[in-house]
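Quick notes on the structure that follows.
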Amino acid sequence: MYTGKARAYTNIALIKYWGKKDEHLIIPMNSSLSLTLDAFYTETSVQFDENLTEDLFVLDGQKQDTKQTTKISKFLDLVRKEQNLALFAKVDSQNYVPTAAGLASSASGLAALAGACNEALDLQLTEIELSRLARRGSGSACRSIFGGFAEWQKGDSDQTSFAQGIPSDHWEDELAMLFVLVDDGVKDVSSRDGMKRTVESSSFYSGWLETVEADLATAKQAIAEKDFNKLGEVTEANGLRMHGTTLAAVPPFTYWSPESLKVMQLVRSARQQGLPCYFTMDAGPNVKILVEKKNLSTLKNHLATHFSKKQLIEAYAGPKIALIPLER
Ligand code: PMV
């Protein structure tokens with residue numbers, strides 16, 4: 001029996017990953033940049049066990065159905081194939097996400113699973129190798145191996161597509177991200193389906209590809225210069241461009257809800273009043289606002305008449321993946 005456990009934190013992209021060049025290996029069309037956050041994380045243990053007759057996946061104490069378990073099995077198969085291992089495994093995962101947050105946790109979940117496998121089978125992977133492995137589970141997971149800012153260099157093969165930490169002189173410790181949870185019962189299009197449809201059919205997708213690498217360079221420069229407005233402006237512009245591509249997909253779709261637009265408007269009005277803050281969104285209607293720590297409470301007050309305390313969740317820069325010792 002081989003066991004291991006790891007904790008990984010989620011990350012939010014400031015420069016988005018949007019589109020795959022290789023669906024199977026999960027090689028992205030563009031490089032991306034993220035901030036790992038402390039508020040949401042996943043702890044996962046894996047146990048490869050000769051007594052098991054199939055893979056088992058337990059999430060938040062609930063045994064998962066065949067569909068969910070198959071996703072995990074596919075990831076385990078990569079590791080089993082590489083290691084010539086013929087054992088089934090039990091994967092036990094706990095998501096630490098504030099209740100009813102409705103936030104996807106594939107980044108922290110798959111990064112934690114990769115870390116747990118590394119530990120269980122004593123693979124002794126470097127951070128880059130671990131990032132490559134996590135990438136195969138879910139693209140954005142490759143960035144959750146690192147704390148603070150991370151850049152996923154798109155590469156063009158399994159070997160060359162991985163994330164790395166970005167030196168920042170701890171500037172991220174001065175930043176915060178406010179999650180505004182807007183649950184409008186909007187029908188979900190998964191990030192996987194959304195990016196596939198966009199790459200295949202959106203006439204705006206070429207515009208995305210034309211601008212994203214320059215956005216990435218601007219974001220890296222802003223981090224090097226500790227220039228909050230520069231980083232915020234490029235974050236907001238890049239997110240808007242990503243979401244713009246979905247409107248020209250066939251059939252078209254959007255992740256925005258009326259409530260998302262309300263948050264965007266409030267962010268703009270906060271800026272007009274002299275409060276620097278910038279929004280970004282992913283494959284769902286919730287809005288994340290990048291703000292300096294020193295301005296967080298003013299921002300919360302600005303939003304307080306429109307959203308309840310429960311809808312506003314603050315997060316700060318989070319650490320890299322960690323092993324969790326198991327009692328053996
Ligand atoms: O890794 P996935 O399949 O969950 O895709 C993430 C896509 C976005 O969240 C929209 C952007 C990103 O870079 O995280």
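Just so we're on the same page: first chain in the structure tokens is A, next is B, and so on; residues restart at 1 for each chain, and ligands are numbered from 1 in the order they show up.
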Within 10 Å of ligand 1, counting only C-alpha atoms and all ligand atoms: which residues, as an NGL selection string?
-> :A and (10-20 or 26 or 28 or 30-35 or 104-108 or 110 or 134-143 or 152 or 190-195 or 239 or 242-243 or 255 or 280-284)
From a DSSP calculation on the backbone, collect every residue of stretch 101-214 of chain A in helix (DSSP H, G or I) and output the set as a VMD selection string.
-> chain A and resid 106 to 120 127 to 137 139 to 145 171 to 174 191 to 201 205 to 214
Just the residues within 12 Å of A:Pro325, please, counting only C-alpha atoms, with nothing from its chain fewer than 4 positions along; format it as a ChimeraX atom specification.
-> /A:3-7,43-45,116,119-120
Counting only C-alpha atoms, what is within 6 Å of stretch 172-175 of chain A, bar same-chain residues fewer than 6 positions away, as a JSON list (two decimals) with N, CA and C atoms, in the first residue's frame?
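Okay, part14.json is ready:
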```json
[["chain", "number", "residue", "atom", "x", "y", "z"],
["A", 292, "GLU", "N", -5.62, 46.75, -3.42],
["A", 292, "GLU", "CA", -4.54, 46.74, -2.43],
["A", 292, "GLU", "C", -5.14, 46.51, -1.05],
["A", 293, "LYS", "N", -4.42, 45.76, -0.22],
["A", 293, "LYS", "CA", -4.91, 45.44, 1.12],
["A", 293, "LYS", "C", -5.40, 46.67, 1.87],
["A", 317, "ALA", "N", -2.80, 36.63, -0.84],
["A", 317, "ALA", "CA", -1.87, 35.74, -1.55],
["A", 317, "ALA", "C", -1.63, 34.47, -0.72]]
```
Which is closest to A:Lys262 among A:Asn286, A:Ser144, A:Gln221, A:Ser73, if we use only C-alpha atoms?
-> A:Asn286
What is the atom CA of A:Phe149-atom CA of A:Thr235 distance in Å, reported with one decimal?
->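 According to the coordinates, atom CA of A:Phe149 and atom CA of A:Thr235 are separated by 13.1 Å.
Using only C-alpha atoms, the nearest neighbour of A:Lys294 within the list A:Ala86, A:Val199, A:Pro276, A:Ala222 is A:Pro276.
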Just the residues within 12 Å of A:Gln273, please, counting only C-alpha atoms, with nothing from its chain fewer than 6 positions along; format it as an NGL selection string.
-> :A and (266-267 or 298-299 or 302)
